[in-house]
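File shown: query.txt (compact mmCIF, C-alpha atoms).
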# COMPACT_ATOMS: atom_id res chain seq x y z
CA MET A 1 93.82 53.61 103.51
CA THR A 2 94.47 55.89 100.54
CA ALA A 3 95.75 59.35 101.41
CA PRO A 4 93.20 62.06 100.55
CA ARG A 5 93.24 64.58 97.76
CA THR A 6 93.27 67.84 99.67
CA LEU A 7 92.60 71.49 98.82
CA VAL A 8 94.00 74.38 100.88
CA VAL A 9 92.16 77.68 100.38
CA ARG A 10 93.79 81.07 100.98
CA LEU A 11 92.17 83.76 98.85
CA ASP A 12 94.09 86.85 99.98
CA SER A 13 97.43 88.44 99.07
CA ALA A 14 100.86 86.96 98.42
CA GLY A 15 101.91 87.55 102.03
CA ASP A 16 98.89 85.65 103.33
CA VAL A 17 99.66 82.72 101.04
CA LEU A 18 103.30 82.65 102.20
CA LEU A 19 102.12 82.52 105.82
CA ALA A 20 100.00 79.50 104.89
CA GLY A 21 103.12 77.65 103.70
CA PRO A 22 103.81 75.60 106.86
CA ALA A 23 100.18 74.43 106.95
CA VAL A 24 100.36 73.54 103.25
CA ARG A 25 103.43 71.38 103.93
CA ALA A 26 101.60 69.67 106.79
CA VAL A 27 98.69 68.91 104.46
CA ALA A 28 101.01 67.70 101.70
CA ALA A 29 102.72 65.26 104.09
CA GLY A 30 99.37 63.50 104.62
CA SER A 31 97.83 63.81 101.14
CA SER A 32 98.19 62.06 97.80
CA HIS A 33 97.58 65.35 95.96
CA THR A 34 97.67 68.89 97.38
CA ALA A 35 96.12 71.86 95.60
CA VAL A 36 95.96 75.51 96.65
CA LEU A 37 92.99 77.71 95.77
CA CYS A 38 94.10 81.34 95.86
CA GLY A 39 93.25 84.74 94.43
CA PRO A 40 95.15 86.40 91.57
CA LEU A 41 97.36 88.34 93.99
CA GLY A 42 98.44 85.13 95.71
CA GLU A 43 99.11 83.00 92.64
CA GLN A 44 102.85 83.69 92.32
CA ALA A 45 103.35 82.93 96.00
CA ALA A 46 101.32 79.71 95.82
CA ARG A 47 103.51 78.44 92.99
CA LEU A 48 106.60 78.93 95.17
CA LEU A 49 105.37 76.82 98.10
CA PRO A 50 106.89 73.36 98.64
CA GLY A 51 104.32 70.56 98.58
CA VAL A 52 101.92 72.16 96.11
CA ASP A 53 100.89 69.94 93.19
CA GLU A 54 98.29 72.25 91.65
CA VAL A 55 97.20 75.88 91.88
CA LEU A 56 93.62 76.99 91.26
CA VAL A 57 92.85 80.72 90.96
CA TYR A 58 89.54 82.39 91.79
CA ASP A 59 89.02 86.14 92.12
CA ALA A 60 86.55 86.06 95.00
CA PRO A 61 84.12 89.01 95.09
CA TRP A 62 84.34 89.27 98.91
CA VAL A 63 88.16 89.57 99.11
CA GLY A 64 90.70 92.32 98.48
CA LEU A 65 90.95 96.09 98.28
CA GLU A 66 89.18 96.14 94.91
CA PRO A 67 86.90 93.08 94.90
CA ALA A 68 85.88 91.51 91.63
CA PRO A 69 82.22 91.79 90.64
CA VAL A 70 79.95 88.86 91.39
CA SER A 71 79.99 86.67 88.29
CA GLY A 72 77.88 83.61 87.66
CA GLU A 73 80.25 82.54 84.88
CA GLU A 74 83.35 82.70 87.10
CA THR A 75 81.51 80.87 89.87
CA ARG A 76 80.51 78.10 87.45
CA LYS A 77 84.14 77.80 86.30
CA LEU A 78 85.26 77.38 89.89
CA LEU A 79 82.61 74.77 90.61
CA ALA A 80 83.68 72.84 87.51
CA ALA A 81 87.33 72.95 88.59
CA LEU A 82 86.41 71.75 92.07
CA SER A 83 84.34 68.91 90.63
CA CYS A 84 87.19 67.85 88.32
CA GLY A 85 89.61 67.96 91.25
CA ARG A 86 87.68 65.27 93.15
CA PHE A 87 88.88 66.65 96.48
CA ASP A 88 88.24 64.58 99.56
CA ARG A 89 89.10 67.33 102.01
CA ALA A 90 89.52 71.09 102.12
CA LEU A 91 91.01 73.47 104.66
CA VAL A 92 89.84 77.08 104.43
CA LEU A 93 92.43 79.47 105.87
CA VAL A 94 91.20 82.96 106.76
CA SER A 95 92.43 85.81 108.92
CA TYR A 96 90.96 86.26 112.37
CA HIS A 97 88.49 88.91 111.14
CA GLN A 98 87.26 87.02 108.05
CA SER A 99 84.50 84.47 107.51
CA PRO A 100 85.24 81.19 105.69
CA LEU A 101 81.57 80.55 104.93
CA PRO A 102 81.21 82.05 101.42
CA VAL A 103 83.91 79.81 100.00
CA ALA A 104 82.80 76.88 102.17
CA LEU A 105 79.42 77.02 100.41
CA LEU A 106 81.11 76.92 97.01
CA LEU A 107 83.28 73.99 98.10
CA LYS A 108 80.19 72.01 99.06
CA LEU A 109 78.50 72.86 95.76
CA GLY A 110 81.70 71.78 93.96
CA GLY A 111 81.59 68.34 95.52
CA VAL A 112 84.28 68.64 98.20
CA ARG A 113 83.40 65.98 100.73
CA TRP A 114 84.77 67.42 103.96
CA THR A 115 85.72 70.98 104.90
CA ALA A 116 87.42 72.51 107.95
CA ALA A 117 87.90 76.15 108.90
CA ASP A 118 88.19 78.57 111.79
CA SER A 119 84.77 80.17 112.12
CA GLU A 120 83.19 82.42 114.73
CA ASP A 121 79.95 82.40 112.71
CA TYR A 122 77.56 79.47 112.96
CA PRO A 123 78.35 77.37 109.84
CA GLY A 124 75.24 75.20 109.59
CA ALA A 125 76.03 72.35 107.20
CA LEU A 126 78.92 74.17 105.50
CA LEU A 127 81.73 72.97 107.76
CA ASP A 128 82.50 69.43 108.89
CA LEU A 129 85.06 70.75 111.37
CA ARG A 130 84.33 74.13 112.93
CA HIS A 131 87.59 75.15 114.57
CA HIS A 132 88.22 78.04 116.97
CA ARG A 133 91.59 79.78 116.89
CA LEU A 134 93.19 80.91 120.10
CA PRO A 135 93.16 84.66 120.80
CA GLY A 136 96.20 86.47 119.48
CA ARG A 137 97.55 83.48 117.57
CA HIS A 138 99.98 84.33 114.77
CA GLU A 139 98.47 83.69 111.35
CA ALA A 140 101.02 80.98 110.50
CA GLU A 141 100.45 79.20 113.81
CA ALA A 142 96.67 79.44 113.56
CA ALA A 143 96.84 77.76 110.15
CA LEU A 144 99.05 74.99 111.57
CA ASP A 145 96.62 74.49 114.47
CA LEU A 146 93.76 74.01 112.03
CA ALA A 147 95.78 71.62 109.86
CA ARG A 148 96.76 69.51 112.87
CA ASP A 149 93.23 69.26 114.21
CA ALA A 150 91.99 68.38 110.73
CA GLY A 151 94.34 65.37 110.73
CA PHE A 152 97.43 66.89 109.13
CA PRO A 153 100.19 67.31 111.73
CA LEU A 154 103.44 68.86 110.64
CA PRO A 155 106.11 66.14 110.23
CA PRO A 156 108.53 66.03 113.21
CA ALA A 157 111.49 66.89 110.97
CA ASP A 158 109.80 70.08 109.73
CA PRO A 159 110.46 73.04 112.09
CA GLY A 160 107.44 74.91 110.74
CA ALA A 161 109.19 78.02 109.42
CA LEU A 162 108.09 79.84 106.29
CA ARG A 163 109.77 78.38 103.22
CA ILE A 164 109.68 78.58 99.43
CA CYS A 165 111.28 76.54 96.67
CA ASP A 166 114.90 77.51 95.95
CA PRO A 167 115.08 81.16 94.83
CA PRO A 168 117.13 82.01 91.74
CA VAL A 169 120.58 83.57 91.78
CA THR A 170 120.11 87.29 91.15
CA THR A 171 123.64 88.70 91.27
CA HIS A 172 123.14 89.92 87.69
CA LEU A 173 120.58 92.31 89.15
CA THR A 174 122.14 93.22 92.49
CA GLY A 175 125.86 92.91 91.93
CA PRO A 176 127.96 91.28 94.65
CA ASP A 177 127.12 90.96 98.33
CA PRO A 178 126.76 92.40 100.90
CA TYR A 179 123.78 94.71 100.75
CA VAL A 180 120.66 95.76 102.62
CA VAL A 181 117.27 95.70 100.88
CA LEU A 182 114.84 98.54 101.47
CA HIS A 183 111.35 97.91 100.09
CA PRO A 184 109.37 101.16 100.37
CA GLY A 185 105.98 100.15 98.94
CA ALA A 186 102.88 98.39 100.23
CA ALA A 187 99.39 97.80 98.90
CA VAL A 188 98.08 99.48 102.08
CA PRO A 189 99.74 102.93 102.44
CA ALA A 190 99.23 103.01 106.22
CA ARG A 191 101.69 100.14 106.58
CA THR A 192 104.81 101.80 105.24
CA TRP A 193 106.84 105.00 105.23
CA SER A 194 106.17 108.03 103.12
CA ALA A 195 108.50 108.29 100.12
CA GLU A 196 110.36 111.20 101.72
CA ARG A 197 111.00 109.30 104.93
CA ALA A 198 112.16 106.20 103.05
CA ALA A 199 114.58 108.31 100.98
CA ARG A 200 116.11 109.75 104.16
CA ALA A 201 116.59 106.23 105.53
CA VAL A 202 118.39 105.18 102.35
CA ALA A 203 120.72 108.16 102.69
CA ALA A 204 121.39 107.32 106.34
CA LEU A 205 122.11 103.66 105.61
CA THR A 206 124.47 104.63 102.81
CA ALA A 207 126.29 107.12 105.01
CA GLU A 208 126.74 104.36 107.58
CA GLY A 209 128.53 102.26 104.94
CA HIS A 210 125.75 99.94 103.79
CA ARG A 211 125.13 99.23 100.12
CA VAL A 212 121.37 99.62 99.67
CA VAL A 213 119.16 97.91 97.08
CA VAL A 214 115.67 99.40 96.68
CA THR A 215 113.00 97.00 95.42
CA GLY A 216 109.43 97.41 94.22
CA GLY A 217 106.85 96.13 91.77
CA ALA A 218 106.18 97.21 88.21
CA GLY A 219 103.73 99.85 89.39
CA GLU A 220 106.18 101.30 91.90
CA LYS A 221 108.97 102.49 89.60
CA GLU A 222 108.36 106.15 90.33
CA LEU A 223 108.42 105.43 94.07
CA THR A 224 111.61 103.36 94.00
CA ALA A 225 113.42 105.90 91.81
CA ARG A 226 112.51 108.66 94.25
CA VAL A 227 113.58 106.60 97.27
CA ALA A 228 116.83 105.29 95.77
CA GLY A 229 117.92 108.69 94.47
CA GLU A 230 121.68 108.85 94.00
CA HIS A 231 122.44 106.67 97.00
CA ALA A 232 121.08 103.22 96.15
CA LEU A 233 120.55 100.66 93.40
CA ASP A 234 116.99 100.93 92.06
CA LEU A 235 115.39 97.58 91.14
CA GLY A 236 111.85 98.91 90.90
CA GLY A 237 109.93 96.79 88.38
CA ALA A 238 112.94 94.53 87.74
CA THR A 239 111.72 91.45 89.62
CA ASP A 240 108.74 89.16 89.79
CA LEU A 241 108.06 87.52 93.16
CA HIS A 242 110.46 84.64 92.52
CA HIS A 243 113.36 86.93 91.58
CA LEU A 244 112.54 89.25 94.46
CA ALA A 245 112.99 86.20 96.68
CA GLY A 246 116.44 85.77 95.16
CA VAL A 247 117.33 89.38 95.89
CA LEU A 248 116.09 89.07 99.46
CA ALA A 249 117.85 85.75 100.03
CA ARG A 250 121.28 87.37 99.60
CA ALA A 251 120.51 90.49 101.63
CA ARG A 252 121.96 90.91 105.10
CA VAL A 253 118.73 92.55 106.29
CA ALA A 254 115.45 93.62 104.70
CA VAL A 255 113.92 96.94 105.79
CA VAL A 256 110.24 96.70 104.85
CA GLY A 257 106.73 97.44 106.08
CA ASN A 258 104.15 94.89 107.16
CA THR A 259 103.55 93.66 103.62
CA GLY A 260 104.21 90.63 101.43
CA PRO A 261 107.98 91.13 100.95
CA ALA A 262 108.44 91.01 104.74
CA HIS A 263 107.04 87.48 104.72
CA LEU A 264 108.99 86.63 101.57
CA ALA A 265 112.18 87.71 103.35
CA ALA A 266 111.27 85.45 106.25
CA ALA A 267 110.63 82.58 103.82
CA VAL A 268 114.21 82.80 102.54
CA GLY A 269 115.68 83.24 106.02
CA THR A 270 116.60 86.93 105.86
CA PRO A 271 116.27 89.02 109.05
CA VAL A 272 113.67 91.78 108.87
CA ALA A 273 113.67 95.31 110.24
CA CYS A 274 109.91 95.68 109.97
CA LEU A 275 108.18 99.06 109.85
CA PHE A 276 105.10 97.84 111.64
CA ALA A 277 102.15 100.23 111.81
CA PRO A 278 99.82 99.03 114.59
CA VAL A 279 96.70 99.22 112.40
CA VAL A 280 96.79 95.41 112.69
CA PRO A 281 98.24 93.55 115.69
CA ALA A 282 101.91 92.61 115.53
CA GLU A 283 101.32 89.41 117.48
CA ARG A 284 99.38 88.06 114.47
CA TRP A 285 101.33 89.53 111.57
CA ARG A 286 104.96 90.09 112.59
CA PRO A 287 107.71 88.43 110.50
CA TYR A 288 107.58 84.73 111.34
CA GLY A 289 110.44 82.42 112.19
CA VAL A 290 113.37 84.80 111.62
CA PRO A 291 115.14 87.39 113.79
CA HIS A 292 113.36 90.70 113.41
CA VAL A 293 112.91 94.14 114.91
CA LEU A 294 109.57 95.94 114.97
CA LEU A 295 110.03 99.64 114.23
CA GLY A 296 107.15 101.97 114.99
CA ASP A 297 104.93 103.09 117.83
CA GLN A 298 102.75 100.08 118.62
CA HIS A 299 100.53 102.23 120.88
CA ALA A 300 99.76 104.96 118.34
CA PRO A 301 96.16 106.24 118.05
CA CYS A 302 95.65 104.15 114.89
CA ALA A 303 96.26 100.87 116.78
CA GLY A 304 93.77 98.16 115.89
CA SER A 305 91.89 100.36 113.42
CA ARG A 306 92.74 98.28 110.31
CA ALA A 307 92.98 101.62 108.51
CA ARG A 308 94.27 101.50 104.95
CA ARG A 309 95.43 105.12 105.02
CA CYS A 310 96.88 106.67 108.14
CA PRO A 311 94.09 108.44 110.06
CA VAL A 312 96.60 110.60 111.99
CA PRO A 313 98.22 113.61 110.25
CA GLY A 314 101.91 113.10 109.53
CA HIS A 315 101.81 109.30 109.82
CA PRO A 316 103.63 109.53 113.18
CA CYS A 317 103.67 105.83 114.06
CA LEU A 318 106.18 105.18 111.25
CA ASP A 319 107.51 108.48 109.92
CA ALA A 320 108.67 109.37 113.46
CA VAL A 321 111.01 106.36 113.50
CA THR A 322 114.50 107.86 113.68
CA ASP A 323 117.47 107.10 111.47
CA SER A 324 119.38 105.98 114.56
CA ALA A 325 116.67 103.39 115.32
CA VAL A 326 116.85 102.07 111.75
CA LEU A 327 120.65 101.88 111.85
CA ALA A 328 120.57 100.16 115.23
CA ALA A 329 118.06 97.59 113.99
CA VAL A 330 120.08 96.81 110.87
CA ALA A 331 123.29 96.52 112.91
CA ALA A 332 121.64 94.22 115.44
CA LEU A 333 120.19 91.96 112.78
CA GLY A 334 123.09 91.72 110.36
CA GLY A 335 125.90 94.09 111.20
CA GLY A 336 128.05 91.79 113.27
CA THR A 337 126.73 92.99 116.65
CA ASP A 338 124.72 91.12 119.27
CA THR A 339 121.57 89.75 117.57
CA GLU A 340 119.79 88.76 120.72
CA ALA A 341 118.41 92.20 121.47
CA ALA A 342 118.23 95.46 119.61
CA PRO A 343 119.59 98.57 121.30
CA ALA A 344 116.89 100.69 122.88
CA GLY A 345 115.97 103.83 121.00
CA ALA A 346 113.14 105.91 119.65
CA GLY A 347 110.83 103.80 117.55
CA SER A 348 112.61 100.52 118.16
CA ALA A 349 111.56 97.29 119.80
CA PRO A 350 113.49 94.21 120.89
CA VAL A 351 114.57 91.69 118.31
CA LEU A 352 112.06 88.90 118.51
CA GLY A 353 113.09 85.28 118.09
CA ARG A 354 111.43 82.72 115.90
CA ALA A 355 107.70 83.02 116.48
CA SER A 356 106.38 79.90 118.10
CA GLY A 357 103.80 78.85 120.62
CA THR A 358 102.69 75.89 122.64
CA GLU A 359 98.99 76.66 122.97
CA ARG A 360 96.58 74.83 120.72
CA GLY A 361 93.25 75.66 119.22
CA ALA A 362 90.03 73.88 120.01
CA SER A 363 87.54 72.14 117.76
CA VAL A 364 83.80 71.75 118.08
Would you put the structure from the file into structure tokens?
Amino acid sequence: MTAPRTLVVRLDSAGDVLLAGPAVRAVAAGSSHTAVLCGPLGEQAARLLPGVDEVLVYDAPWVGLEPAPVSGEETRKLLAALSCGRFDRALVLVSYHQSPLPVALLLKLGGVRWTAADSEDYPGALLDLRHHRLPGRHEAEAALDLARDAGFPLPPADPGALRICDPPVTTHLTGPDPYVVLHPGAAVPARTWSAERAARAVAALTAEGHRVVVTGGAGEKELTARVAGEHALDLGGATDLHHLAGVLARARVAVVGNTGPAHLAAAVGTPVACLFAPVVPAERWRPYGVPHVLLGDQHAPCAGSRARRCPVPGHPCLDAVTDSAVLAAVAALGGGTDTEAAPAGAGSAPVLGRASGTERGASV
């Protein structure tokens, strides 16, 4: 029997696409051709994933902080690309609060023969496998559950961690090891420190003897310059996603919010001190498969709100994290101390091991 041509859909951000990586590898192991359909923000990440033969890009009008307008022309282009792809199967990966049905309709119209997705909404004829994720399942594990139940188990030799293709050497940007990366930005402001708080953390890390590298995108140069100040190396705007992976790969620890670079750090095996605002649940979005510490009050009033901007004055869930908690987390993760558990302290949580689970989702 000929292996199928399979499409994996993940239309969200770079971090979401990176979390889909283990499921993509599972699909690739059982397919003759594996394509990823992603949004513009996820394209760079999709091109870094092992097992991907082709990347299709569609700016879906129901996804993102600034959704694209509904366009008949863009929809027709997508349908043409799907028809040309002659896909036998498709897996639609969505977060627990999203519906897969808009894109499932387009897949059917584009000639995809069989489609699977997690869906709480009744799918009618749009899904051939309606899968139900388990409550609280991490995003990476939920995607693997769906892949397995769709006929694509992860190969036994694959441990299921996040992974990308080999990152480039970036010592021309960073200078020699060792160093700690601090990434102060995020697309959602509620999920990271204020600039002033991040700058104080850089000063504290430097005073403790760490060499700090501050990273950020092209639109974050003003932020990274302010945070780095006179204490750290400022690489704001100096890296694309692939070169940022190289910078992270050689870091002892990455200090970063719940945003794409946290998952990129995990994909290159770097421990993460994660500033995790509880606006989304940590059990679903924490750094996956690497040692990590969650910094921040997980029981703050904003918990579960999915707020994009902090609804509480002063951003206390993250800005109240103390320098001592940050230093303790970095030391526990990469400073030569015990890495099994982080020292207790204000704003700190235990170091969590590689995220894994034995429960499985159900299909109907």
- Query: Of the candidates A:Leu129, A:Val27, A:Ala161, A:Cys302, which one gets nearest to Ala147 in chain A if we count only C-alpha atoms?
  - Reply: A:Val27
Would you pick out the contacts of Gly216 in chain A at 8 Å or less, using only C-alpha atoms, so that residues sharing its chain but fewer than 6 positions from it are not included, and give the list as a compact mmCIF listing (two decimals) with C-alpha atoms, keeping the file's coordinate frame?
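Here's the written file out.txt:
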# COMPACT_ATOMS: atom_id res chain seq x y z
CA HIS A 183 111.35 97.91 100.09
CA PRO A 184 109.37 101.16 100.37
CA GLY A 185 105.98 100.15 98.94
CA THR A 224 111.61 103.36 94.00
CA LEU A 235 115.39 97.58 91.14
CA GLY A 236 111.85 98.91 90.90
CA GLY A 237 109.93 96.79 88.38
CA ALA A 238 112.94 94.53 87.74
CA THR A 239 111.72 91.45 89.62
- Task: For Val24 in chain A, please output as a VMD selection string all residues within 10 Å (counting only C-alpha atoms; exclusion window: fewer than 3 positions along the same chain).
- Result: chain A and resid 6 to 9 17 to 21 27 to 29 34 to 36 46 49 to 52 91 143 to 144 147 152 154
Suppose we keep C-alpha atoms; can you now write the selection as a JSON list (two decimals), in the frame of the given file?
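After the write, out_18.json holds the following:
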[["chain", "number", "residue", "atom", "x", "y", "z"],
["A", 6, "THR", "CA", 93.27, 67.84, 99.67],
["A", 7, "LEU", "CA", 92.60, 71.49, 98.82],
["A", 8, "VAL", "CA", 94.00, 74.38, 100.88],
["A", 9, "VAL", "CA", 92.16, 77.68, 100.38],
["A", 17, "VAL", "CA", 99.66, 82.72, 101.04],
["A", 18, "LEU", "CA", 103.30, 82.65, 102.20],
["A", 19, "LEU", "CA", 102.12, 82.52, 105.82],
["A", 20, "ALA", "CA", 100.00, 79.50, 104.89],
["A", 21, "GLY", "CA", 103.12, 77.65, 103.70],
["A", 27, "VAL", "CA", 98.69, 68.91, 104.46],
["A", 28, "ALA", "CA", 101.01, 67.70, 101.70],
["A", 29, "ALA", "CA", 102.72, 65.26, 104.09],
["A", 34, "THR", "CA", 97.67, 68.89, 97.38],
["A", 35, "ALA", "CA", 96.12, 71.86, 95.60],
["A", 36, "VAL", "CA", 95.96, 75.51, 96.65],
["A", 46, "ALA", "CA", 101.32, 79.71, 95.82],
["A", 49, "LEU", "CA", 105.37, 76.82, 98.10],
["A", 50, "PRO", "CA", 106.89, 73.36, 98.64],
["A", 51, "GLY", "CA", 104.32, 70.56, 98.58],
["A", 52, "VAL", "CA", 101.92, 72.16, 96.11],
["A", 91, "LEU", "CA", 91.01, 73.47, 104.66],
["A", 143, "ALA", "CA", 96.84, 77.76, 110.15],
["A", 144, "LEU", "CA", 99.05, 74.99, 111.57],
["A", 147, "ALA", "CA", 95.78, 71.62, 109.86],
["A", 152, "PHE", "CA", 97.43, 66.89, 109.13],
["A", 154, "LEU", "CA", 103.44, 68.86, 110.64]]
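One distance worth recording is that between CA of Leu295 in chain A and CA of Leu182 in chain A, which is 13.7 Å.
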- Give the answer as one residue: which of A:Leu233, A:Ser32, A:Val188, A:Gly246 has the shortest atom-to-atom distance to His210 in chain A, using only C-alpha atoms?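 Of the candidates, the smallest distance to His210 in chain A is held by A:Leu233.
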- Rounded to one decimal in Å, what is the spacing between CA of Pro100 in chain A and CA of Gly160 in chain A?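 Between CA of Pro100 in chain A and CA of Gly160 in chain A the gap is 23.6 Å.
Considering the residues A:Asp149, A:His243, A:Val212, A:Glu196 and counting only C-alpha atoms, Thr171 in chain A has its shortest atom-to-atom contact with A:His243.
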- Message: Could you tell me how far CA of Ala187 in chain A sits from CA of Arg308 in chain A, in Å to one decimal place?
- Response: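 Going from CA of Arg308 in chain A over to CA of Ala187 in chain A, I get 8.7 Å.
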- Item | Among the residues A:Ala249, A:Leu65, A:Val326, A:Leu56, the one that comes closest to Pro168 in chain A [using all atoms listed in the file] |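 Closest candidate: A:Ala249.
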- Task: Find the residue from A:Val94, A:Val57, A:Ala320, A:Glu66 that sits nearest to Leu78 in chain A; use only C-alpha atoms when measuring.
- Result: A:Val57
- Message: as a PyMOL selection string, please: the residues near Gln98 in chain A (cut-off 12 Å, only C-alpha atoms, same-chain neighbours under 6 positions excluded).
- Response: chain A and resi 10-12+62-64+92+117-121
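Checking A:Gly30, A:Gly42, A:Pro189, A:Gly136 one by one against Arg286 in chain A, counting only C-alpha atoms, you find the shortest gap at A:Gly136.
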- Message: What's around Pro281 in chain A at 10 Å? Count all atoms listed in the file, leave out sequence neighbours fewer than 6 positions away in its own chain, and write the answer as an MDAnalysis selection string.
- Response: chainID A and resid 136 138 298 303:306
- Is there a way to get, as a VMD selection string, all residues within 7 Å of the point (107.9, 77.1, 98.1) in file coordinates, counting only C-alpha atoms? chain A and resid 47 to 50 163 to 165
- Task: Might you pull out every residue within 9 Å of Ala198 in chain A, with all atoms listed in the file counted and same-chain residues fewer than 3 positions away left off, and present them as an MDAnalysis selection string?
- Result: chainID A and resid 182:184 192:195 201:203 227:228 319
- Could you list as a list in words every residue that has an atom within 6 Å of (82.5, 70.8, 91.5), using the file's coordinates and counting only C-alpha atoms? Leu79, Ala80, Leu82, Ser83, Gly110 and Gly111 of chain A
